[in-house]
$ cat structure_26.cif   # mmCIF, C-alpha atoms
data_target
#
loop_
_atom_site.label_atom_id
_atom_site.label_comp_id
_atom_site.auth_asym_id
_atom_site.auth_seq_id
_atom_site.Cartn_x
_atom_site.Cartn_y
_atom_site.Cartn_z
CA MET Q 1248 9.06 7.19 20.10
CA GLY Q 1249 6.28 6.90 17.60
CA LEU Q 1250 3.72 9.59 16.98
CA SER Q 1251 -0.06 9.33 17.04
CA SER Q 1252 -0.72 12.79 15.68
CA CYS Q 1253 -2.19 13.55 12.28
CA ARG Q 1254 -1.85 16.70 10.18
CA GLU Q 1255 -4.01 17.74 7.27
CA TRP Q 1256 -2.98 20.00 4.39
CA THR Q 1257 -5.74 22.24 3.02
CA GLY Q 1258 -3.86 23.42 -0.03
CA SER Q 1259 -2.51 26.46 1.77
CA ALA Q 1260 -1.99 25.51 5.44
CA TRP Q 1261 -1.43 22.59 7.80
CA GLU Q 1262 -4.12 21.88 10.39
CA ASP Q 1263 -4.41 19.41 13.25
CA GLY Q 1264 -6.31 16.25 12.47
CA ASN Q 1265 -7.55 13.70 14.98
CA ASP Q 1266 -4.96 11.35 16.48
CA ILE Q 1267 -4.73 7.75 15.35
CA GLU Q 1268 -5.22 5.09 18.03
CA ALA Q 1269 -1.54 4.29 18.64
CA SER Q 1270 1.96 5.78 18.44
CA LEU Q 1271 3.41 4.16 15.37
CA GLY Q 1272 5.43 4.82 12.27
CA SER Q 1273 6.36 3.14 8.99
CA MET Q 1274 2.73 2.45 8.19
CA ALA Q 1275 1.25 2.79 4.72
CA ILE Q 1276 -1.79 4.90 3.89
CA SER Q 1277 -4.11 4.28 0.95
CA GLY Q 1278 -6.70 6.61 -0.54
CA THR Q 1279 -7.40 10.31 -0.39
CA ARG Q 1280 -7.20 12.68 2.57
CA ASP Q 1281 -10.91 12.28 3.28
CA ASP Q 1282 -11.26 8.59 2.44
CA CYS Q 1283 -8.20 6.63 3.44
CA ILE Q 1284 -6.93 3.78 5.55
CA TYR Q 1285 -3.61 3.32 7.33
CA PHE Q 1286 -2.37 -0.21 7.76
CA GLY Q 1287 0.48 -2.00 9.47
CA GLY Q 1288 3.53 -0.23 10.83
CA TYR Q 1289 5.75 -0.34 13.88
CA GLU Q 1290 4.32 0.66 17.23
CA ASP Q 1291 6.83 2.40 19.43
CA THR Q 1292 5.66 3.68 22.77
CA VAL Q 1293 6.19 2.99 26.46
CA GLY Q 1294 6.10 -0.76 26.98
CA VAL Q 1295 5.40 -1.56 23.33
CA ALA Q 1296 7.85 -1.97 20.47
CA ALA Q 1297 6.49 -4.27 17.80
CA TYR Q 1298 5.14 -4.59 14.27
CA VAL Q 1299 1.37 -4.36 14.30
CA ASN Q 1300 -1.61 -5.31 12.15
CA ARG Q 1301 -3.54 -2.18 13.07
CA THR Q 1302 -5.79 -0.45 10.58
CA GLN Q 1303 -7.97 2.62 10.90
CA VAL Q 1304 -10.16 4.40 8.37
CA HIS Q 1305 -10.31 8.18 8.02
CA ASN Q 1306 -13.60 9.60 6.75
CA GLY Q 1307 -12.52 13.22 6.56
CA SER Q 1308 -13.24 14.09 10.15
CA SER Q 1309 -12.30 11.13 12.36
CA TRP Q 1310 -10.39 7.85 12.47
CA ASN Q 1311 -12.58 4.76 12.91
CA THR Q 1312 -11.91 1.07 13.41
CA PRO Q 1313 -12.90 -0.99 10.35
CA SER Q 1314 -14.49 -4.42 10.50
CA SER Q 1315 -11.19 -6.27 10.13
CA ASP Q 1316 -7.51 -5.66 10.73
CA MET Q 1317 -4.74 -7.09 8.56
CA THR Q 1318 -4.18 -10.82 8.89
CA ARG Q 1319 -0.62 -10.36 10.15
CA ALA Q 1320 1.52 -7.66 11.69
CA GLN Q 1321 3.70 -6.25 8.94
CA SER Q 1322 5.50 -3.13 7.75
CA GLY Q 1323 7.54 -2.16 4.74
CA GLY Q 1324 5.48 -0.28 2.18
CA GLY Q 1325 2.04 -0.27 0.67
CA SER Q 1326 -0.43 1.60 -1.44
CA GLY Q 1327 -4.02 1.64 -2.66
CA THR Q 1328 -6.79 3.76 -4.08
CA SER Q 1329 -9.24 4.19 -1.21
CA SER Q 1330 -10.16 3.05 2.27
CA THR Q 1331 -11.39 -0.22 0.78
CA ASN Q 1332 -8.61 -0.94 -1.74
CA ALA Q 1333 -5.12 -1.38 -0.31
CA ILE Q 1334 -2.13 -3.68 -0.48
CA LEU Q 1335 0.89 -4.30 1.70
CA PRO Q 1336 3.21 -6.25 -0.62
CA CYS Q 1337 5.79 -7.64 1.81
CA GLY Q 1338 8.09 -6.58 4.60
CA SER Q 1339 9.16 -6.90 8.20
CA THR Q 1340 7.08 -8.78 10.70
CA VAL Q 1341 7.44 -9.86 14.29
CA GLY Q 1342 10.87 -11.47 14.64
CA SER Q 1343 11.25 -12.10 10.95
CA ASN Q 1344 10.00 -11.10 7.51
CA ASP Q 1345 7.19 -12.08 5.17
CA ALA Q 1346 7.02 -12.12 1.37
CA THR Q 1347 3.25 -12.65 1.24
CA ASN Q 1348 1.27 -9.62 0.22
CA GLN Q 1349 -1.89 -8.71 2.09
CA ILE Q 1350 -4.77 -7.27 0.10
CA LEU Q 1351 -7.82 -5.32 1.17
CA ASP Q 1352 -10.51 -5.57 -1.49
CA GLY Q 1353 -13.68 -4.37 0.15
CA THR Q 1354 -13.92 -4.99 3.86
CA SER Q 1355 -11.64 -7.98 4.53
CA TRP Q 1356 -7.92 -8.59 4.20
CA ALA Q 1357 -6.71 -11.68 2.34
CA ASP Q 1358 -3.35 -13.11 1.32
CA GLY Q 1359 -2.12 -12.72 -2.24
CA SER Q 1360 0.96 -14.09 -3.96
CA ASP Q 1361 4.55 -13.72 -2.78
CA VAL Q 1362 6.77 -11.01 -4.19
CA GLY Q 1363 9.88 -12.16 -6.05
CA THR Q 1364 12.38 -10.42 -3.77
CA ASN Q 1365 11.26 -9.93 -0.22
CA ARG Q 1366 12.20 -6.48 1.01
CA THR Q 1367 11.25 -3.73 3.44
CA GLU Q 1368 11.29 0.09 3.49
CA TYR Q 1369 10.71 0.14 -0.28
CA GLY Q 1370 8.87 2.51 -2.61
CA SER Q 1371 5.41 1.44 -3.76
CA ALA Q 1372 2.45 2.87 -5.62
CA GLY Q 1373 -0.69 1.63 -7.31
CA SER Q 1374 -3.61 -0.53 -6.32
CA SER Q 1375 -4.32 -4.13 -5.37
CA THR Q 1376 -4.45 -4.96 -9.08
CA ASP Q 1377 -1.67 -2.77 -10.50
CA LEU Q 1378 1.27 -2.12 -8.25
CA ILE Q 1379 4.97 -1.34 -8.59
CA ILE Q 1380 7.56 -1.67 -5.82
CA THR Q 1381 11.13 -0.37 -6.00
CA SER Q 1382 14.41 -0.61 -4.10
CA GLY Q 1383 14.27 -0.94 -0.30
CA VAL Q 1384 16.25 -3.29 1.90
CA GLY Q 1385 16.42 -6.84 0.61
CA PHE Q 1386 16.30 -9.47 3.35
CA SER Q 1387 18.55 -11.82 1.41
CA ALA Q 1388 21.02 -9.08 0.55
CA SER Q 1389 20.86 -7.54 4.05
CA ASP Q 1390 21.41 -4.24 2.28
CA GLU Q 1391 19.70 -1.77 -0.03
CA ILE Q 1392 18.70 -3.22 -3.40
CA ASN Q 1393 17.84 -1.53 -6.71
CA THR Q 1394 15.37 -3.94 -8.27
CA ALA Q 1395 11.73 -3.32 -9.18
CA GLU Q 1396 8.70 -5.59 -9.46
CA LYS Q 1397 5.20 -5.23 -10.82
CA LEU Q 1398 1.95 -6.92 -9.76
CA ASP Q 1399 -0.68 -7.40 -12.46
CA GLY Q 1400 -3.38 -8.47 -10.04
CA THR Q 1401 -2.27 -12.02 -9.51
CA THR Q 1402 1.38 -12.40 -10.52
CA TRP Q 1403 4.54 -10.53 -9.65
CA SER Q 1404 7.15 -10.02 -12.36
CA SER Q 1405 10.45 -8.20 -12.49
CA ILE Q 1406 10.73 -5.00 -14.48
CA THR Q 1407 13.89 -3.09 -15.31
CA ALA Q 1408 15.85 -2.26 -12.16
CA VAL Q 1409 15.23 1.29 -11.00
CA GLY Q 1410 18.97 1.73 -10.63
CA ILE Q 1411 19.14 3.35 -7.19
CA TYR Q 1412 19.98 1.45 -4.03
CA THR Q 1413 17.83 3.19 -1.46
CA ARG Q 1414 15.36 2.99 1.42
CA TYR Q 1415 12.85 5.44 2.96
CA ALA Q 1416 11.73 7.06 -0.32
CA ALA Q 1417 8.36 8.55 -1.21
CA SER Q 1418 6.49 7.31 -4.28
CA TRP Q 1419 3.32 7.76 -6.30
CA GLY Q 1420 1.64 6.60 -9.49
CA ASP Q 1421 -0.92 4.20 -10.93
CA GLY Q 1422 1.29 1.14 -10.59
CA ALA Q 1423 1.06 0.32 -14.30
CA ASP Q 1424 2.63 2.80 -16.70
CA PHE Q 1425 3.15 5.72 -14.33
CA TYR Q 1426 5.32 5.53 -11.23
CA THR Q 1427 7.69 7.97 -9.56
CA THR Q 1428 9.99 7.42 -6.60
CA VAL Q 1429 11.61 10.35 -4.82
CA GLY Q 1430 14.45 10.56 -2.31
CA GLY Q 1431 15.70 7.83 -0.02
CA ILE Q 1432 19.06 6.93 1.46
CA GLN Q 1433 21.78 4.34 0.83
CA TYR Q 1434 23.62 3.95 4.10
CA ASN Q 1435 26.82 2.29 2.86
CA SER Q 1436 29.09 2.44 5.92
CA PRO Q 1437 27.61 2.89 9.39
CA TYR Q 1438 27.71 6.56 10.35
CA GLY Q 1439 28.74 7.40 6.78
CA SER Q 1440 32.41 6.53 7.20
CA PRO Q 1441 34.59 5.49 5.46
CA THR Q 1442 31.96 5.38 2.69
CA ALA Q 1443 29.50 8.25 2.90
CA HIS Q 1444 25.74 7.81 2.86
CA VAL Q 1445 24.09 8.63 -0.45
CA VAL Q 1446 20.80 10.54 -0.36
CA ASN Q 1447 18.90 10.75 -3.61
CA ARG Q 1448 17.87 14.06 -5.04
CA THR Q 1449 16.92 12.94 -8.53
CA PRO Q 1450 13.52 11.19 -8.78
CA LYS Q 1451 13.11 8.16 -11.03
CA HIS Q 1452 10.06 7.93 -13.30
CA TRP Q 1453 8.64 4.77 -14.93
CA ASP Q 1454 6.54 5.23 -18.09
CA GLY Q 1455 5.55 1.62 -18.54
CA SER Q 1456 8.64 0.57 -20.42
CA ALA Q 1457 11.69 2.44 -19.11
CA TRP Q 1458 13.07 4.53 -16.26
CA SER Q 1459 14.15 8.13 -16.67
CA ASN Q 1460 15.51 10.82 -14.37
CA ASP Q 1461 12.97 13.43 -13.31
CA THR Q 1462 13.39 16.98 -12.00
CA ASP Q 1463 15.61 17.24 -8.92
CA THR Q 1464 13.92 18.02 -5.62
CA PRO Q 1465 14.43 21.59 -4.33
CA THR Q 1466 17.46 22.31 -2.19
CA ALA Q 1467 15.39 23.94 0.56
CA GLY Q 1468 16.00 22.16 3.84
CA GLY Q 1469 19.43 20.88 2.95
CA THR Q 1470 22.29 21.94 0.78
CA SER Q 1471 22.42 18.65 -1.10
CA GLY Q 1472 18.72 18.68 -1.94
CA GLY Q 1473 18.48 14.98 -1.16
CA LYS Q 1474 15.85 13.84 1.33
CA TYR Q 1475 14.85 10.59 3.03
CA ASN Q 1476 12.53 9.07 5.61
CA LEU Q 1477 9.72 10.80 3.78
CA ASN Q 1478 6.03 10.01 3.78
CA ARG Q 1479 5.56 6.43 2.62
CA ASN Q 1480 3.18 7.47 -0.13
CA GLY Q 1481 3.14 10.75 -1.97
CA ALA Q 1482 -0.26 10.47 -3.57
CA THR Q 1483 -3.06 8.13 -4.41
CA THR Q 1484 -3.03 6.10 -7.56
CA GLY Q 1485 -4.35 7.77 -10.65
CA ASN Q 1486 -3.72 11.33 -9.50
CA SER Q 1487 -3.57 13.71 -12.42
CA GLY Q 1488 -0.63 16.01 -12.82
CA THR Q 1489 -2.54 19.05 -11.64
CA GLN Q 1490 -3.67 17.22 -8.52
CA GLY Q 1491 -0.06 16.33 -7.93
CA ALA Q 1492 1.66 14.79 -4.97
CA MET Q 1493 3.53 15.91 -1.89
CA VAL Q 1494 6.89 15.11 -0.32
CA CYS Q 1495 6.73 15.94 3.37
CA LEU Q 1496 9.30 16.50 6.12
CA GLY Q 1497 11.78 13.68 6.76
CA TYR Q 1498 15.52 14.29 6.84
CA ASN Q 1499 18.26 15.74 4.69
CA TYR Q 1500 21.89 14.78 4.69
CA THR Q 1501 24.58 17.33 4.08
CA ALA Q 1502 27.88 15.82 5.24
CA ALA Q 1503 29.31 12.75 6.92
CA ASP Q 1504 26.87 11.75 9.64
CA THR Q 1505 25.14 15.13 9.53
CA HIS Q 1506 21.41 14.58 9.25
CA GLY Q 1507 19.05 17.53 9.34
CA GLN Q 1508 15.44 17.37 10.47
CA GLN Q 1509 13.33 18.79 7.71
CA THR Q 1510 10.35 21.06 8.32
CA SER Q 1511 9.88 21.71 4.61
CA ASN Q 1512 7.15 20.31 2.42
CA PHE Q 1513 7.24 20.17 -1.34
CA GLU Q 1514 4.47 20.02 -3.91
CA ALA Q 1515 4.99 18.07 -7.13
CA THR Q 1516 2.82 18.69 -10.17
CA TRP Q 1517 3.36 17.51 -13.72
CA MET R 871 -21.97 9.54 -30.48
CA ALA R 872 -24.01 12.72 -30.10
CA ASN R 873 -22.11 16.00 -30.38
CA GLU R 874 -18.97 14.24 -31.53
CA VAL R 875 -16.99 16.37 -33.95
CA VAL R 876 -16.22 14.44 -37.12
CA LYS R 877 -15.09 17.32 -39.33
CA VAL R 878 -13.56 20.77 -38.91
CA ASN R 879 -14.19 23.17 -41.79
CA SER R 880 -15.24 20.14 -43.87
CA ILE R 881 -11.95 18.32 -43.19
CA ALA R 882 -12.23 14.95 -41.49
CA ILE R 883 -10.70 14.84 -38.01
CA ALA R 884 -8.46 11.96 -39.03
CA SER R 885 -6.94 14.11 -41.74
CA ILE R 886 -6.04 16.98 -39.40
CA THR R 887 -2.65 16.95 -37.78
CA LYS R 888 -2.51 20.54 -36.60
CA ILE R 889 -4.89 23.44 -35.87
CA ASN R 890 -3.31 26.87 -36.25
CA GLY R 891 0.08 25.20 -35.96
CA GLN R 892 -0.77 23.34 -32.75
CA THR R 893 -0.66 19.57 -32.60
CA ASP R 894 -2.95 17.46 -30.45
CA THR R 895 -0.17 17.07 -27.93
CA ASP R 896 0.13 20.84 -27.62
CA LEU R 897 -3.56 21.36 -26.91
CA ALA R 898 -5.27 20.37 -23.68
CA LYS R 899 -8.71 21.51 -24.82
CA PHE R 900 -10.42 22.75 -27.98
CA ASN R 901 -13.55 24.87 -27.55
CA GLY R 902 -13.77 23.59 -23.99
CA GLN R 903 -13.72 19.93 -25.00
CA GLU R 904 -10.87 17.75 -23.78
CA PHE R 905 -9.05 15.58 -26.25
CA THR R 906 -9.18 11.88 -25.59
CA GLY R 907 -5.52 11.59 -26.50
CA THR R 908 -2.90 11.60 -23.77
CA VAL R 909 -0.70 14.55 -22.95
CA PRO R 910 2.96 13.50 -22.90
CA TYR R 911 4.55 13.44 -19.46
CA ASP R 912 6.81 16.45 -19.11
CA GLY R 913 8.35 15.88 -15.70
CA ILE R 914 7.78 17.25 -12.20
CA THR R 915 7.44 20.93 -11.37
CA TRP R 916 8.32 21.51 -7.72
CA ALA R 917 6.90 24.14 -5.38
CA THR R 918 7.65 24.71 -1.71
CA GLY R 919 4.68 24.55 0.65
CA ALA R 920 4.25 25.79 4.20
CA THR R 921 6.58 24.35 6.83
CA ASP R 922 5.43 22.08 9.63
CA THR R 923 6.87 20.37 12.70
CA HIS R 924 9.45 17.76 11.77
CA ARG R 925 8.65 14.06 11.64
CA GLY R 926 10.00 11.13 9.65
CA GLY R 927 8.80 7.67 8.72
CA HIS R 928 5.19 8.80 8.58
CA GLY R 929 2.38 7.72 6.32
CA GLY R 930 0.91 10.17 3.85
CA THR R 931 -1.57 10.38 1.03
CA GLY R 932 -3.56 12.88 -1.02
CA THR R 933 -2.94 15.71 -3.45
CA VAL R 934 -1.38 19.16 -3.36
CA GLU R 935 -4.85 20.48 -2.48
CA ALA R 936 -5.75 17.93 0.19
CA PHE R 937 -3.06 15.87 1.89
CA LEU R 938 -2.79 13.95 5.13
CA ILE R 939 0.15 12.70 7.16
CA ALA R 940 -0.09 10.50 10.24
CA GLY R 941 2.21 8.77 12.68
CA GLY R 942 5.94 8.53 12.15
CA TYR R 943 8.72 9.43 14.53
CA GLY R 944 9.47 12.86 16.00
#

$ encode --input "structure_26.cif" --output "structure tokens"
Amino acid sequence: MGLSSCREWTGSAWEDGNDIEASLGSMAISGTRDDCIYFGGYEDTVGVAAYVNRTQVHNGSSWNTPSSDMTRAQSGGGSGTSSTNAILPCGSTVGSNDATNQILDGTSWADGSDVGTNRTEYGSAGSSTDLIITSGVGFSASDEINTAEKLDGTTWSSITAVGIYTRYAASWGDGADFYTTVGGIQYNSPYGSPTAHVVNRTPKHWDGSAWSNDTDTPTAGGTSGGKYNLNRNGATTGNSGTQGAMVCLGYNYTAADTHGQQTSNFEATW
Amino acid sequence: MANEVVKVNSIAIASITKINGQTDTDLAKFNGQEFTGTVPYDGITWATGATDTHRGGHGGTGTVEAFLIAGGYG
């Protein structure tokens, strides 16, 4: 079942926020804690199980319905800088998939150009004009992929493959010359046998020209240190190192088909 | 530009590579003024925050001082 609850981190404690209007997951959120928008996702509640085009804006104290929802129901990733700048690059939709990105630039959503490799459950960070997407599940491959693409505002182009085949990662950055993706899982065999799942512990960082390994995530919450099904975004675009980013909850994976529910949260600064 | 430093101890800024042995990349500020140059990325430093009730597949955004998560699956 999906959740409608919202939690807010004050820098030292978690507090209850107001609920969103539906029980859904896999949505993207763009902006800051007190000026953000969630968009898309998969609604999962009694009598409803479907991709949705829902959006709601958070003003720091409540969730409100904006003047327009997305043009199509979609889920897969997404990013942005505020409640009025967001992008959902591609992903799953009702009964199928869609490679057309949807862009919020102001108050209305509009279609942009198609991504090169249509995928879902990918990492993404940036804005409607500078965005990077990584890995995820490729619809053509029907499996995790390791490629990366960059949007320069109008055109998608391939950049060096990130090198990890994974889904359900967290990510942050400016979408141009700063991007980090953390965690995620490569399922391999169903139930992890005969080929075990692989859960990433080592983040990958893009500096505008090449990928490098970053500092491993802490082991707290799982002996392997790897984590997946994390928050879709870790931070807004352009965050400075001292503002940092967060990797929240999700799952760890310690042995064949042994998945632990994480209650840990981790702060990343740089 | 007003208040822009063009010399230090009569030496042109462009001719200075270090101050007291520190390069530009080692210094975040000088006399309270930030350098316009970029500080090289030095990788993530991780810290563990307070625990919370488990969820996965949620949305999230913000900073280490002000973050928000919503939705997901319990």

$ resolve_selection --input "structure_26.cif" --expression "the PyMOL selection byres ((chain Q and resi 1258) around 6)" --output "list of chain:residue names"
Q:Trp1256, Q:Thr1257, Q:Ser1259, R:Val934, R:Glu935, R:Ala936

$ residues_around --input "structure_26.cif" --residues "segment 1500-1506 of chain Q" --least-positions-apart "3" --cutoff "12 Å" --atoms "all atoms listed in the file" --output "PyMOL selection string"
(chain Q and resi 1430-1448+1466-1476+1497+1509) or (chain R and resi 926)

$ closest_residue --input "structure_26.cif" --among "Q:Ala1457, Q:Ala1297, Q:Cys1337, Q:Leu1250" --to "chain R" --atoms "all atoms listed in the file"
Q:Leu1250

$ residues_around --input "structure_26.cif" --residues "segment 1358-1362 of chain Q" --least-positions-apart "2" --cutoff "7 Å" --atoms "all atoms listed in the file" --output "ChimeraX atom specification"
/Q:1336-1337,1346-1350,1364-1365,1401-1403

$ atom_distance --input "structure_26.cif" --atom1 "atom CA of Thr1413 of chain Q" --atom2 "atom CA of Thr1367 of chain Q"
10.7 Å

$ interface_residues --input "structure_26.cif" --of "chain R" --to "chain Q" --cutoff "9 Å" --atoms "only C-alpha atoms" --output "MDAnalysis selection string"
chainID R and resid 911:944

$ residues_around --input "structure_26.cif" --residues "Ser1339 of chain Q" --least-positions-apart "4" --cutoff "7 Å" --atoms "all atoms listed in the file" --output "ChimeraX atom specification"
/Q:1321-1323,1343-1345,1367

$ residues_around --input "structure_26.cif" --residues "segment 1312-1315 of chain Q" --least-positions-apart "3" --cutoff "8 Å" --atoms "only C-alpha atoms" --output "ChimeraX atom specification"
/Q:1302-1304,1354-1356

$ decode --input "structure_26.cif" --residues "segment 910-935 of chain R" --atoms "N, CA and C atoms" --output "compact mmCIF listing (two decimals), in the first residue's frame"
# COMPACT_ATOMS: atom_id res chain seq x y z
N PRO R 910 37.98 22.69 -5.11
CA PRO R 910 37.92 21.35 -5.71
C PRO R 910 37.02 20.41 -4.90
N TYR R 911 36.27 19.59 -5.59
CA TYR R 911 35.41 18.61 -4.94
C TYR R 911 36.27 17.56 -4.25
N ASP R 912 35.96 17.31 -2.98
CA ASP R 912 36.80 16.42 -2.19
C ASP R 912 36.03 15.20 -1.71
N GLY R 913 34.89 14.93 -2.27
CA GLY R 913 34.14 13.74 -1.91
C GLY R 913 33.17 13.95 -0.75
N ILE R 914 32.32 12.94 -0.57
CA ILE R 914 31.25 13.02 0.45
C ILE R 914 31.80 12.70 1.83
N THR R 915 31.34 13.45 2.82
CA THR R 915 31.51 13.07 4.22
C THR R 915 30.14 12.67 4.75
N TRP R 916 30.05 11.45 5.27
CA TRP R 916 28.76 10.93 5.73
C TRP R 916 28.60 11.12 7.24
N ALA R 917 27.36 11.41 7.65
CA ALA R 917 27.00 11.43 9.06
C ALA R 917 25.66 10.73 9.19
N THR R 918 25.42 10.12 10.34
CA THR R 918 24.17 9.41 10.57
C THR R 918 23.20 10.31 11.33
N GLY R 919 22.01 10.49 10.77
CA GLY R 919 21.00 11.32 11.40
C GLY R 919 20.06 10.49 12.27
N ALA R 920 19.04 11.13 12.80
CA ALA R 920 18.07 10.44 13.65
C ALA R 920 17.28 9.42 12.83
N THR R 921 16.90 8.33 13.48
CA THR R 921 16.12 7.30 12.79
C THR R 921 14.67 7.75 12.64
N ASP R 922 13.95 7.05 11.75
CA ASP R 922 12.54 7.33 11.55
C ASP R 922 11.85 6.04 11.10
N THR R 923 10.55 6.05 11.07
CA THR R 923 9.80 4.86 10.65
C THR R 923 10.15 4.51 9.21
N HIS R 924 10.33 3.22 8.97
CA HIS R 924 10.73 2.77 7.64
C HIS R 924 9.71 3.13 6.56
N ARG R 925 10.21 3.46 5.39
CA ARG R 925 9.45 3.52 4.16
C ARG R 925 10.42 3.40 3.00
N GLY R 926 9.94 3.05 1.85
CA GLY R 926 10.79 2.95 0.66
C GLY R 926 10.04 3.48 -0.55
N GLY R 927 10.78 3.87 -1.58
CA GLY R 927 10.14 4.37 -2.78
C GLY R 927 9.46 5.71 -2.60
N HIS R 928 9.95 6.51 -1.68
CA HIS R 928 9.36 7.80 -1.38
C HIS R 928 10.05 8.90 -2.19
N GLY R 929 9.40 10.06 -2.22
CA GLY R 929 10.05 11.23 -2.78
C GLY R 929 10.76 11.98 -1.67
N GLY R 930 11.77 12.75 -2.03
CA GLY R 930 12.48 13.52 -1.00
C GLY R 930 13.25 14.65 -1.62
N THR R 931 13.37 15.74 -0.87
CA THR R 931 14.18 16.86 -1.36
C THR R 931 14.57 17.76 -0.20
N GLY R 932 15.62 18.54 -0.38
CA GLY R 932 16.05 19.48 0.64
C GLY R 932 17.53 19.39 0.93
N THR R 933 17.89 19.79 2.14
CA THR R 933 19.28 19.82 2.57
C THR R 933 19.41 19.09 3.91
N VAL R 934 20.62 19.02 4.43
CA VAL R 934 20.80 18.36 5.73
C VAL R 934 20.18 19.20 6.85
N GLU R 935 19.85 20.44 6.58
CA GLU R 935 19.21 21.29 7.58
C GLU R 935 17.70 21.35 7.43
